[in-house]
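Below is entry25.csv, holding CSV, C-alpha atoms.
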chain,number,residue,atom,x,y,z
A,1,MET,CA,-95.6,88.4,51.2
A,2,PHE,CA,-96.9,84.8,50.7
A,3,ASP,CA,-99.6,83.2,52.8
A,4,ILE,CA,-101.5,80.0,52.2
A,5,ARG,CA,-104.7,79.4,54.1
A,6,ILE,CA,-107.4,76.8,54.1
A,7,SER,CA,-110.9,78.0,53.2
A,8,ASP,CA,-114.0,75.9,53.5
A,9,HIS,CA,-116.5,76.7,50.8
A,10,PRO,CA,-119.1,73.9,50.6
A,11,PRO,CA,-119.3,71.6,48.9
A,12,SER,CA,-115.4,71.6,48.6
A,13,THR,CA,-112.4,72.7,50.6
A,14,GLN,CA,-110.1,75.3,49.0
A,15,LEU,CA,-106.5,76.3,49.4
A,16,VAL,CA,-106.0,80.1,49.0
A,17,LEU,CA,-102.7,81.8,48.3
A,18,ARG,CA,-102.4,85.5,49.3
A,19,ARG,CA,-99.6,87.3,47.5
A,20,GLN,CA,-99.2,91.1,47.5
A,21,GLY,CA,-102.8,91.5,48.7
A,22,THR,CA,-104.3,89.3,46.0
A,23,ASP,CA,-106.0,86.0,46.7
A,24,THR,CA,-105.6,83.1,44.3
A,25,VAL,CA,-107.4,79.8,44.7
A,26,LEU,CA,-104.9,76.9,44.1
A,27,PRO,CA,-106.7,74.4,41.8
A,28,PRO,CA,-106.9,70.8,43.0
A,29,LEU,CA,-105.3,69.6,39.7
A,30,TRP,CA,-102.4,72.0,40.2
A,31,LEU,CA,-101.9,70.8,43.8
A,32,ARG,CA,-102.4,67.1,43.1
A,33,ALA,CA,-99.7,67.1,40.4
A,34,ARG,CA,-97.2,68.6,42.9
A,35,SER,CA,-97.3,65.8,45.4
A,36,PRO,CA,-93.8,65.0,46.7
A,37,GLU,CA,-94.9,61.6,48.2
A,38,ALA,CA,-92.6,58.6,47.3
A,39,SER,CA,-95.6,56.8,45.8
A,40,GLN,CA,-96.0,59.7,43.4
A,41,ARG,CA,-92.4,60.8,42.7
A,42,ASP,CA,-89.2,58.9,42.5
A,43,PRO,CA,-87.2,60.3,45.6
A,44,ALA,CA,-83.8,60.2,43.7
A,45,THR,CA,-84.8,61.9,40.4
A,46,GLY,CA,-88.0,63.9,41.5
A,47,GLN,CA,-89.7,62.5,38.4
A,48,ARG,CA,-93.4,61.6,38.6
A,49,LEU,CA,-94.4,57.9,38.9
A,50,PHE,CA,-97.9,58.7,37.5
A,51,ASN,CA,-99.3,60.6,34.5
A,52,PRO,CA,-101.0,63.8,35.7
A,53,HIS,CA,-102.6,64.2,32.3
A,54,LEU,CA,-104.9,61.3,33.1
A,55,LEU,CA,-106.3,62.8,36.4
A,56,PRO,CA,-110.0,63.4,36.4
A,57,ASP,CA,-110.7,67.0,35.2
A,58,ASN,CA,-113.4,67.4,37.9
A,59,LEU,CA,-110.9,66.6,40.7
A,60,THR,CA,-111.7,68.3,44.0
A,61,LEU,CA,-109.9,68.8,47.4
A,62,THR,CA,-111.9,66.9,50.0
A,63,SER,CA,-110.0,67.9,53.1
A,64,ALA,CA,-107.0,70.1,54.2
A,65,SER,CA,-105.3,70.6,57.5
A,66,TRP,CA,-102.0,71.8,59.0
A,67,GLN,CA,-99.7,69.3,60.7
A,68,ASP,CA,-96.1,70.1,61.8
A,69,ASP,CA,-95.8,73.0,59.4
A,70,ARG,CA,-97.0,70.8,56.4
A,71,LEU,CA,-100.3,70.7,54.6
A,72,GLN,CA,-102.2,67.4,54.8
A,73,LEU,CA,-104.3,67.3,51.7
A,74,ALA,CA,-106.9,64.7,50.4
A,75,PHE,CA,-108.4,64.6,47.0
A,76,SER,CA,-111.5,63.1,45.4
A,77,ASP,CA,-109.5,60.5,43.5
A,78,GLY,CA,-108.7,58.9,46.8
A,79,PHE,CA,-105.1,60.2,47.1
A,80,ALA,CA,-103.9,61.9,50.4
A,81,GLY,CA,-100.5,63.2,51.3
A,82,ALA,CA,-98.3,65.8,52.9
A,83,PHE,CA,-97.2,69.0,51.0
A,84,ASP,CA,-94.5,71.5,51.8
A,85,PRO,CA,-96.0,75.0,51.7
A,86,ALA,CA,-92.6,76.5,50.7
A,87,GLU,CA,-92.5,74.2,47.6
A,88,LEU,CA,-96.1,75.2,46.7
A,89,ARG,CA,-95.2,78.9,47.0
A,90,ALA,CA,-92.1,78.3,44.7
A,91,GLY,CA,-94.3,76.5,42.2
A,92,THR,CA,-96.5,79.6,41.8
A,93,GLU,CA,-93.6,81.4,40.1
A,94,LEU,CA,-93.3,80.5,36.4
A,95,THR,CA,-89.5,81.1,36.3
A,96,GLU,CA,-86.4,79.2,35.3
A,97,GLY,CA,-84.7,80.1,38.6
A,98,CYS,CA,-81.9,82.2,37.0
A,99,PRO,CA,-81.1,86.0,37.4
A,100,ALA,CA,-83.1,88.4,35.3
A,101,THR,CA,-81.4,89.9,32.3
A,102,ARG,CA,-79.9,93.5,32.5
A,103,PRO,CA,-79.8,95.2,29.1
A,104,TRP,CA,-76.7,97.3,28.6
A,105,ARG,CA,-75.3,99.9,26.2
A,106,ALA,CA,-71.8,101.2,25.4
A,107,ASP,CA,-71.7,103.1,28.7
A,108,LEU,CA,-71.8,99.9,30.8
A,109,PRO,CA,-69.9,101.0,33.9
A,110,THR,CA,-68.3,97.7,35.0
A,111,PRO,CA,-67.8,95.0,32.3
A,112,PRO,CA,-67.6,91.5,33.8
A,113,VAL,CA,-63.9,90.6,33.7
A,114,TYR,CA,-62.5,87.5,35.5
A,115,ARG,CA,-59.1,85.8,35.7
A,116,TRP,CA,-59.2,82.2,34.6
A,117,THR,CA,-57.7,81.1,38.0
A,118,GLU,CA,-60.5,82.8,39.8
A,119,LEU,CA,-63.1,80.6,38.0
A,120,GLN,CA,-61.7,77.5,39.5
A,121,ASP,CA,-63.3,78.6,42.8
A,122,ASP,CA,-67.0,77.8,42.9
A,123,ARG,CA,-67.9,81.0,44.7
A,124,SER,CA,-66.2,83.2,42.1
A,125,MET,CA,-67.7,81.0,39.4
A,126,LEU,CA,-71.2,81.6,40.7
A,127,ARG,CA,-70.6,85.3,40.6
A,128,ALA,CA,-69.3,85.1,37.1
A,129,LEU,CA,-72.4,83.0,36.1
A,130,THR,CA,-74.6,85.6,37.6
A,131,ASP,CA,-72.9,88.3,35.5
A,132,PHE,CA,-73.1,86.2,32.4
A,133,LEU,CA,-76.8,85.4,32.8
A,134,GLU,CA,-77.6,89.1,33.5
A,135,LEU,CA,-75.4,90.7,30.9
A,136,GLY,CA,-75.0,88.0,28.3
A,137,PHE,CA,-71.2,88.0,28.2
A,138,LEU,CA,-68.0,87.5,30.1
A,139,LEU,CA,-64.4,88.5,29.5
A,140,ILE,CA,-61.8,86.0,30.9
A,141,HIS,CA,-58.2,87.0,31.2
A,142,ASP,CA,-54.9,85.2,32.0
A,143,THR,CA,-56.0,82.0,30.3
A,144,PRO,CA,-53.7,79.3,29.0
A,145,THR,CA,-52.8,79.7,25.3
A,146,GLN,CA,-52.0,76.2,24.3
A,147,ALA,CA,-53.7,74.9,21.2
A,148,ASP,CA,-57.2,73.6,22.2
A,149,SER,CA,-57.2,75.6,25.5
A,150,VAL,CA,-60.6,77.0,24.5
A,151,LEU,CA,-62.1,73.6,24.9
A,152,ASP,CA,-60.9,73.3,28.6
A,153,ILE,CA,-62.4,76.7,29.3
A,154,ALA,CA,-65.7,75.9,27.6
A,155,GLN,CA,-66.0,72.7,29.5
A,156,ARG,CA,-65.9,74.6,32.8
A,157,PHE,CA,-69.3,76.1,31.7
A,158,GLY,CA,-71.0,73.4,29.7
A,159,TYR,CA,-70.7,70.8,27.0
A,160,VAL,CA,-68.9,71.6,23.7
A,161,ARG,CA,-71.1,71.4,20.7
A,162,THR,CA,-69.5,70.0,17.6
A,163,THR,CA,-70.5,71.5,14.2
A,164,ASN,CA,-69.3,71.2,10.6
A,165,PHE,CA,-66.5,73.5,11.7
A,166,GLY,CA,-65.4,70.8,14.2
A,167,GLN,CA,-65.2,70.9,18.0
A,168,PHE,CA,-63.4,74.2,17.7
A,169,PHE,CA,-62.5,76.5,14.8
A,170,GLU,CA,-59.5,78.7,14.0
A,171,VAL,CA,-60.0,82.4,13.2
A,172,TYR,CA,-57.1,83.8,11.2
A,173,SER,CA,-56.5,85.2,7.7
A,174,ARG,CA,-56.9,82.5,5.1
A,175,PRO,CA,-57.5,83.7,1.5
A,176,ASP,CA,-59.2,80.4,0.4
A,177,SER,CA,-61.5,80.2,3.4
A,178,ASN,CA,-65.2,79.2,3.3
A,179,ASP,CA,-66.3,82.1,5.5
A,180,LEU,CA,-65.6,85.8,5.7
A,181,ALA,CA,-64.7,85.4,9.4
A,182,TYR,CA,-61.4,83.9,8.1
A,183,ARG,CA,-60.5,87.0,6.0
A,184,PRO,CA,-59.1,90.3,7.4
A,185,VAL,CA,-62.2,92.3,6.5
A,186,ALA,CA,-64.4,94.1,9.0
A,187,LEU,CA,-67.4,92.1,10.2
A,188,GLY,CA,-70.5,94.0,11.3
A,189,PRO,CA,-72.5,93.0,14.3
A,190,HIS,CA,-74.1,89.6,13.8
A,191,THR,CA,-75.1,86.3,15.4
A,192,ASP,CA,-73.5,83.1,14.4
A,193,ASN,CA,-75.1,80.2,12.6
A,194,PRO,CA,-78.7,81.5,12.2
A,195,TYR,CA,-79.1,78.9,9.6
A,196,ARG,CA,-78.9,76.1,12.2
A,197,THR,CA,-81.7,74.4,14.2
A,198,PRO,CA,-81.0,74.9,17.0
A,199,VAL,CA,-78.6,77.8,16.8
A,200,PRO,CA,-75.4,77.4,18.9
A,201,GLY,CA,-76.4,79.2,22.1
A,202,ILE,CA,-73.1,80.4,23.4
A,203,GLN,CA,-69.8,81.2,21.7
A,204,LEU,CA,-66.3,81.4,23.1
A,205,LEU,CA,-63.6,83.3,21.2
A,206,HIS,CA,-60.1,82.8,22.6
A,207,CYS,CA,-57.1,84.9,21.6
A,208,LEU,CA,-53.8,83.0,21.2
A,209,GLN,CA,-51.9,85.7,19.4
A,210,ASN,CA,-52.5,89.2,18.2
A,211,GLU,CA,-49.7,91.3,16.7
A,212,THR,CA,-52.0,93.6,14.7
A,213,SER,CA,-53.3,97.1,15.6
A,214,GLY,CA,-56.7,96.4,14.1
A,215,GLY,CA,-59.1,93.5,14.5
A,216,LEU,CA,-60.8,95.1,17.5
A,217,SER,CA,-63.7,93.0,18.9
A,218,THR,CA,-67.2,94.4,19.3
A,219,LEU,CA,-70.2,93.3,21.3
A,220,VAL,CA,-73.8,94.7,21.2
A,221,ASP,CA,-76.7,93.8,23.4
A,222,SER,CA,-79.7,93.0,21.3
A,223,LEU,CA,-82.1,93.4,24.2
A,224,ALA,CA,-81.1,97.1,24.6
A,225,VAL,CA,-81.3,97.7,20.9
A,226,ILE,CA,-84.7,96.0,20.5
A,227,ALA,CA,-86.1,98.0,23.4
A,228,GLN,CA,-85.1,101.2,21.6
A,229,LEU,CA,-86.6,100.0,18.3
A,230,ARG,CA,-89.8,99.0,20.1
A,231,ARG,CA,-90.1,102.5,21.5
A,232,GLU,CA,-89.5,104.1,18.1
A,233,ASP,CA,-91.5,101.8,15.9
A,234,PRO,CA,-93.9,99.3,17.7
A,235,GLN,CA,-95.3,98.1,14.4
A,236,GLY,CA,-91.8,97.5,13.0
A,237,PHE,CA,-90.9,95.5,16.1
A,238,GLU,CA,-94.0,93.3,15.6
A,239,LEU,CA,-93.1,92.7,12.0
A,240,LEU,CA,-89.6,91.6,12.9
A,241,CYS,CA,-91.1,89.2,15.5
A,242,GLN,CA,-93.5,87.7,13.0
A,243,VAL,CA,-92.1,87.7,9.4
A,244,PRO,CA,-90.2,84.5,8.7
A,245,VAL,CA,-86.7,84.8,7.3
A,246,ARG,CA,-84.7,82.2,5.4
A,247,PHE,CA,-81.1,81.8,6.5
A,248,GLU,CA,-78.8,79.7,4.4
A,249,TYR,CA,-75.2,78.5,4.5
A,250,ARG,CA,-73.5,76.2,2.1
A,251,ASP,CA,-70.0,75.0,1.2
A,252,ALA,CA,-68.7,71.8,-0.5
A,253,ASP,CA,-69.8,69.5,2.3
A,254,THR,CA,-72.6,71.4,4.1
A,255,HIS,CA,-76.0,72.9,3.2
A,256,HIS,CA,-77.9,74.4,6.2
A,257,VAL,CA,-81.2,76.2,5.9
A,258,ALA,CA,-83.5,77.5,8.7
A,259,VAL,CA,-86.6,79.6,8.6
A,260,LYS,CA,-87.4,81.8,11.6
A,261,PRO,CA,-88.3,85.5,12.5
A,262,MET,CA,-85.4,87.9,13.0
A,263,ILE,CA,-86.4,88.7,16.6
A,264,GLU,CA,-86.7,85.7,18.8
A,265,LEU,CA,-89.3,85.5,21.6
A,266,ASP,CA,-89.2,83.0,24.5
A,267,GLY,CA,-92.0,80.9,25.7
A,268,SER,CA,-93.4,83.7,27.8
A,269,GLY,CA,-93.4,86.1,24.9
A,270,ALA,CA,-90.4,88.1,26.1
A,271,VAL,CA,-87.6,89.1,23.8
A,272,ALA,CA,-84.8,86.4,24.0
A,273,GLY,CA,-82.5,87.8,21.3
A,274,VAL,CA,-82.1,87.9,17.5
A,275,HIS,CA,-81.1,85.9,14.5
A,276,TYR,CA,-79.1,88.5,12.6
A,277,SER,CA,-76.6,88.1,9.8
A,278,PRO,CA,-77.1,90.3,6.7
A,279,ARG,CA,-74.7,88.0,4.8
A,280,LEU,CA,-77.0,85.1,5.1
A,281,ASP,CA,-80.7,86.1,5.2
A,282,ASP,CA,-83.5,86.3,2.6
A,283,ILE,CA,-87.0,87.7,3.3
A,284,PRO,CA,-90.1,85.9,1.9
A,285,LEU,CA,-92.0,87.2,-1.1
A,286,MET,CA,-94.6,89.8,0.1
A,287,SER,CA,-96.4,92.6,-1.4
A,288,ASN,CA,-94.3,95.7,-2.3
A,289,ALA,CA,-95.9,97.7,0.5
A,290,ASP,CA,-95.3,94.9,3.1
A,291,THR,CA,-91.7,94.5,1.8
A,292,GLN,CA,-91.0,98.2,2.3
A,293,ARG,CA,-92.5,98.2,5.8
A,294,TYR,CA,-90.4,95.2,6.8
A,295,HIS,CA,-87.3,96.7,5.2
A,296,ARG,CA,-87.7,100.0,7.1
A,297,ALA,CA,-87.9,98.1,10.4
A,298,ARG,CA,-84.9,95.9,9.5
A,299,LYS,CA,-82.9,98.9,8.3
A,300,ARG,CA,-83.5,100.7,11.6
A,301,LEU,CA,-82.6,97.7,13.6
A,302,GLY,CA,-79.3,97.3,11.7
A,303,LEU,CA,-78.4,101.0,12.1
A,304,LEU,CA,-79.0,100.7,15.9
A,305,PHE,CA,-76.8,97.6,16.0
A,306,GLU,CA,-74.0,99.7,14.4
A,307,SER,CA,-74.5,102.7,16.6
A,308,PRO,CA,-71.6,103.6,18.9
A,309,ALA,CA,-74.2,104.2,21.7
A,310,PHE,CA,-74.7,100.4,21.9
A,311,GLU,CA,-71.3,99.0,21.0
A,312,LEU,CA,-68.5,97.8,23.3
A,313,ARG,CA,-65.2,97.9,21.4
A,314,PHE,CA,-61.9,96.5,22.7
A,315,LYS,CA,-58.8,94.5,21.7
A,316,LEU,CA,-58.4,90.9,22.7
A,317,ASP,CA,-54.7,90.1,23.5
A,318,ALA,CA,-53.1,86.7,23.9
A,319,GLY,CA,-54.6,84.9,26.8
A,320,GLN,CA,-57.9,86.8,26.8
A,321,LEU,CA,-61.3,85.3,25.9
A,322,MET,CA,-64.8,86.5,25.4
A,323,MET,CA,-67.8,84.3,26.0
A,324,PHE,CA,-71.2,85.6,24.9
A,325,ASP,CA,-74.8,84.4,24.5
A,326,ASN,CA,-75.1,84.0,20.7
A,327,ASN,CA,-78.9,84.5,20.8
A,328,ARG,CA,-78.6,87.7,22.7
A,329,VAL,CA,-75.3,89.4,22.1
A,330,LEU,CA,-74.1,90.3,18.6
A,331,HIS,CA,-70.4,90.3,17.9
A,332,GLY,CA,-68.2,91.7,15.2
A,333,ARG,CA,-64.7,92.9,14.4
A,334,THR,CA,-62.9,95.8,12.8
A,335,ALA,CA,-60.6,95.1,9.8
A,336,PHE,CA,-57.0,94.3,10.3
A,337,ASN,CA,-53.8,94.1,8.2
A,338,PRO,CA,-52.2,90.6,8.2
A,339,ALA,CA,-48.9,92.2,7.1
A,340,GLU,CA,-48.6,93.8,10.6
A,341,GLY,CA,-48.3,90.3,12.2
A,342,HIS,CA,-50.2,87.2,13.1
A,343,ARG,CA,-53.7,87.4,14.6
A,344,GLN,CA,-55.1,84.0,15.7
A,345,LEU,CA,-58.2,83.2,17.7
A,346,GLN,CA,-59.8,79.9,18.4
A,347,GLY,CA,-63.6,79.5,19.0
A,348,CYS,CA,-66.1,77.0,20.0
A,349,TYR,CA,-69.8,76.7,21.0
A,350,ILE,CA,-71.6,75.4,24.0
A,351,ASP,CA,-75.4,75.1,24.4
A,352,ARG,CA,-77.3,77.8,26.2
A,353,ASP,CA,-78.5,75.6,29.1
A,354,GLY,CA,-75.0,74.7,30.3
A,355,PRO,CA,-74.3,77.8,32.3
A,356,ARG,CA,-77.9,78.0,33.5
A,357,SER,CA,-77.7,74.5,34.9
A,358,LEU,CA,-74.4,75.2,36.6
A,359,TYR,CA,-75.8,78.4,38.1
A,360,ARG,CA,-78.7,76.5,39.7
A,361,VAL,CA,-76.4,73.7,41.1
A,362,LEU,CA,-73.9,76.2,42.6
A,363,GLN,CA,-76.7,78.4,43.9
A,364,CYS,CA,-78.2,75.4,45.7
A,365,GLN,CA,-74.8,74.3,47.1
A,366,LEU,CA,-73.5,77.7,48.1
A,367,GLY,CA,-76.7,79.8,48.6
A,368,ASP,CA,-76.0,82.9,50.7
A,369,HIS,CA,-72.4,81.8,51.2
A,370,ALA,CA,-71.5,82.7,47.6
A,371,ALA,CA,-69.0,85.6,47.9
A,372,PRO,CA,-68.2,88.1,45.1
A,373,ALA,CA,-65.0,87.6,43.2
A,374,ALA,CA,-62.1,89.9,44.0
A,375,PRO,CA,-62.1,93.0,41.9
A,376,TYR,CA,-60.1,93.0,38.7
A,377,GLU,CA,-59.4,96.4,37.2
A,378,GLU,CA,-56.5,95.9,34.7
A,379,PRO,CA,-56.5,95.8,31.8
A,380,ALA,CA,-59.3,98.2,31.2
A,381,LEU,CA,-61.9,97.5,28.5
A,382,GLU,CA,-61.0,100.1,26.0
A,383,ASP,CA,-59.3,100.6,22.6
A,384,ARG,CA,-55.6,99.9,23.0

Same coordinates, now as structure tokens:
Amino acid sequence: MFDIRISDHPPSTQLVLRRQGTDTVLPPLWLRARSPEASQRDPATGQRLFNPHLLPDNLTLTSASWQDDRLQLAFSDGFAGAFDPAELRAGTELTEGCPATRPWRADLPTPPVYRWTELQDDRSMLRALTDFLELGFLLIHDTPTQADSVLDIAQRFGYVRTTNFGQFFEVYSRPDSNDLAYRPVALGPHTDNPYRTPVPGIQLLHCLQNETSGGLSTLVDSLAVIAQLRREDPQGFELLCQVPVRFEYRDADTHHVAVKPMIELDGSGAVAGVHYSPRLDDIPLMSNADTQRYHRARKRLGLLFESPAFELRFKLDAGQLMMFDNNRVLHGRTAFNPAEGHRQLQGCYIDRDGPRSLYRVLQCQLGDHAAPAAPYEEPALEDR
């Protein structure tokens, strides 16, 4: 429960927030910067018309009163205005306004599967976005399979990011390719492009044709794996959060290098995901003892990523697509035999903030009127 009350403590007035039985005084600087008055914020954009960094650091609240369910506040710098208590309460939560993540393992009971036609409806789209933000991936079936269809699907969720691979890239067997993804070999769990700054946040892989029995797609949730590692080896977890790793990619026209820890933390210190690609990483020079400690943690992390307890494995058929958070969800593939037939996927990237922005917009527009999508049970997520 939230409750804002006015408390007079000479020589100044205070605003006190009670939340779950705990009282917190709302600082005058915190309040003053949140003024919604038209003289302080542009009504159309919500952007401030003044620089709150220049407010006096000894600012005080000189008066406070309730009027028509709004707070009338006056400050020692001479400003006075009305404040919405609901907006003040919302401002006390340091959140991005998106659903919390839900770590998952191989026994995930209901994988998030949607038909492409469903996602043209905003209510179904909001449900899909909720699943994506919670679980880090979506499976989309019955999609168009024309060349470049992956771009149309991607643009429903965000803006396509062009890289040295182009707006989109083709994934099929090519003996002279510049990446192992274009060979028929097995690919262990990894994240794409850890050598970039910033890393492409979301990847879409769209199946146009698959005549092979192999080439099964795999997904692993790094949040679940890292939680397991942290329980087993807290010191190893800390090492993987701290030790910088050099990731490098080069071909005839490109040379990318990035230095960052293997486990990525967000601004609040929570685990956001990983940068993981054993084909591309190098650790810094450390003492032999430190190198061994780091290697033990890295080895255990890799073994957990490859454990069947954490891995979803399934076949993508023509017209099926998987979209996943490239910072959080690792992907891979079993080997396949090109002699069995053609296997062709197209892929592209969008930035991580696209689906988050769309979620907030649709949530604001639809709110409680957002209905869950119709259940879709076939085909099942299994080896076929």

Considering all atoms listed in the file, can you say which of A:Pro144, A:Pro36, A:Gly136, A:Pro278 comes closest to Gly81 of chain A? A:Pro36

Just give me the gap between atom CA of Ser124 of chain A and atom CA of Gln209 of chain A in Å, one decimal is fine. 26.9 Å

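Atom pair atom CA of Gly273 of chain A / atom CA of Asn326 of chain A has a distance of 8.3 Å (rounded to one decimal).
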
Selection: 7 Å around Asn327 of chain A, only C-alpha atoms, excl. self and same-chain fewer than 4 positions, as a CSV table (one decimal) with C-alpha atoms, in the coordinates of the input:
chain,number,residue,atom,x,y,z
A,191,THR,CA,-75.1,86.3,15.4
A,201,GLY,CA,-76.4,79.2,22.1
A,272,ALA,CA,-84.8,86.4,24.0
A,273,GLY,CA,-82.5,87.8,21.3
A,274,VAL,CA,-82.1,87.9,17.5
A,275,HIS,CA,-81.1,85.9,14.5

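Every protein, DNA or RNA residue with an atom at most 12 Å from Gly188 of chain A, where all atoms listed in the file count and chain neighbours fewer than 6 positions away do not, is listed here: Leu180, Ala181, Gly215, Leu216, Ser217, Thr218, Leu219, Val220, Tyr276, Ser277, Pro278, Arg279, Gly302, Leu303, Leu304, Phe305, Glu306, Ser307, Glu311, Leu330, His331, Gly332, Arg333, Thr334 and Ala335 of chain A.
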
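With only C-alpha atoms as the atoms that count, the minimum distance from Val271 of chain A to the choices A:Ser7, A:Ser213, A:Thr101, A:Ser287 is reached by A:Thr101.
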
Contacts of Leu26 of chain A within 10 Å, all atoms listed in the file, excl. fewer than 4 positions in-chain, as a PyMOL selection string: chain A and resi 4+14-17+30-31+88+92

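For the residues A:Leu301, A:Ile350, A:Ile263, A:Ile202, ranking by smallest atom-to-atom distance to Phe324 of chain A using all atoms listed in the file places A:Ile202 first.
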
Please indicate the distance in Å from atom CA of Thr13 of chain A to atom CA of Gly46 of chain A, rounded to one decimal place. 27.5 Å

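Among A:Thr22, A:Thr45, A:Asn193, A:Gln363, the residue with the shortest atom-to-atom distance to Pro99 of chain A, counting only C-alpha atoms, is A:Gln363.
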
List as an mmCIF file with C-alpha atoms, in the frame of the given file the protein and nucleic acid residues near Ala147 of chain A, meaning an atom at most 9 Å away when all atoms listed in the file are counted, but skip any in the same chain fewer than 3 places from it.
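Once written, out05.cif looks like this:
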data_model
loop_
_atom_site.group_PDB
_atom_site.id
_atom_site.type_symbol
_atom_site.label_atom_id
_atom_site.label_comp_id
_atom_site.auth_asym_id
_atom_site.auth_seq_id
_atom_site.Cartn_x
_atom_site.Cartn_y
_atom_site.Cartn_z
ATOM 1 C CA PRO A 144 -53.700 79.300 29.000
ATOM 2 C CA VAL A 150 -60.600 77.000 24.500
ATOM 3 C CA LEU A 208 -53.800 83.000 21.200
ATOM 4 C CA GLN A 346 -59.800 79.900 18.400
#

Closest contacts (segment 258-329 of chain A/segment 104-122 of chain A, max 10 Å, all atoms listed in the file) as a tab-separated table:
residue	atom	partner	partner_atom	distance
A:Ser307	CA	A:Ala106	CA	9.3
A:Pro308	CA	A:Ala106	CA	6.9
A:Ala309	CA	A:Ala106	CA	5.3
A:Phe310	CA	A:Arg105	CA	4.4
A:Glu311	CA	A:Ala106	CA	4.9
A:Leu312	CA	A:Ala106	CA	5.2
A:Arg313	CA	A:Ala106	CA	8.4
A:Gly319	CA	A:Trp116	CA	9.4
A:Gln320	CA	A:Arg115	CA	9.0
A:Leu321	CA	A:Trp116	CA	9.5
A:Met322	CA	A:Val113	CA	9.3

Counting all atoms listed in the file, which of A:Gly341, A:Pro28, A:Gly91, A:Leu204 gets nearest to Leu138 of chain A? A:Leu204

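Minimum atom-to-atom distance to Pro27 of chain A, evaluated using only C-alpha atoms, belongs to A:Asn58 out of A:Asn58, A:Gln344, A:Gln40, A:Asn164.
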
Fix up segment 16-31 of chain A with N, CA and C atoms, then write it as a CSV table (one decimal), in the frame of the given file.
chain,number,residue,atom,x,y,z
A,16,VAL,N,-106.1,78.7,49.5
A,16,VAL,CA,-106.0,80.1,49.0
A,16,VAL,C,-104.6,80.6,49.2
A,17,LEU,N,-104.0,81.2,48.2
A,17,LEU,CA,-102.7,81.8,48.3
A,17,LEU,C,-102.9,83.3,48.2
A,18,ARG,N,-102.4,84.0,49.3
A,18,ARG,CA,-102.4,85.5,49.3
A,18,ARG,C,-101.0,86.0,49.0
A,19,ARG,N,-100.9,86.8,47.9
A,19,ARG,CA,-99.6,87.3,47.5
A,19,ARG,C,-99.8,88.8,47.1
A,20,GLN,N,-99.1,89.6,47.8
A,20,GLN,CA,-99.2,91.1,47.5
A,20,GLN,C,-100.6,91.6,47.6
A,21,GLY,N,-101.4,91.1,48.5
A,21,GLY,CA,-102.8,91.5,48.7
A,21,GLY,C,-103.8,90.9,47.8
A,22,THR,N,-103.4,90.0,46.9
A,22,THR,CA,-104.3,89.3,46.0
A,22,THR,C,-104.5,87.9,46.4
A,23,ASP,N,-105.7,87.4,46.4
A,23,ASP,CA,-106.0,86.0,46.7
A,23,ASP,C,-106.2,85.2,45.4
A,24,THR,N,-105.5,84.0,45.4
A,24,THR,CA,-105.6,83.1,44.3
A,24,THR,C,-106.0,81.7,44.8
A,25,VAL,N,-107.0,81.1,44.4
A,25,VAL,CA,-107.4,79.8,44.7
A,25,VAL,C,-106.5,78.8,44.0
A,26,LEU,N,-105.8,77.9,44.7
A,26,LEU,CA,-104.9,76.9,44.1
A,26,LEU,C,-105.8,75.7,43.6
A,27,PRO,N,-105.8,75.5,42.3
A,27,PRO,CA,-106.7,74.4,41.8
A,27,PRO,C,-106.3,73.1,42.3
A,28,PRO,N,-107.2,72.2,42.5
A,28,PRO,CA,-106.9,70.8,43.0
A,28,PRO,C,-106.0,70.1,42.0
A,29,LEU,N,-106.2,70.2,40.7
A,29,LEU,CA,-105.3,69.6,39.7
A,29,LEU,C,-103.9,70.1,39.9
A,30,TRP,N,-103.8,71.4,40.1
A,30,TRP,CA,-102.4,72.0,40.2
A,30,TRP,C,-101.7,71.4,41.5
A,31,LEU,N,-102.5,71.3,42.6
A,31,LEU,CA,-101.9,70.8,43.8
A,31,LEU,C,-101.6,69.3,43.7
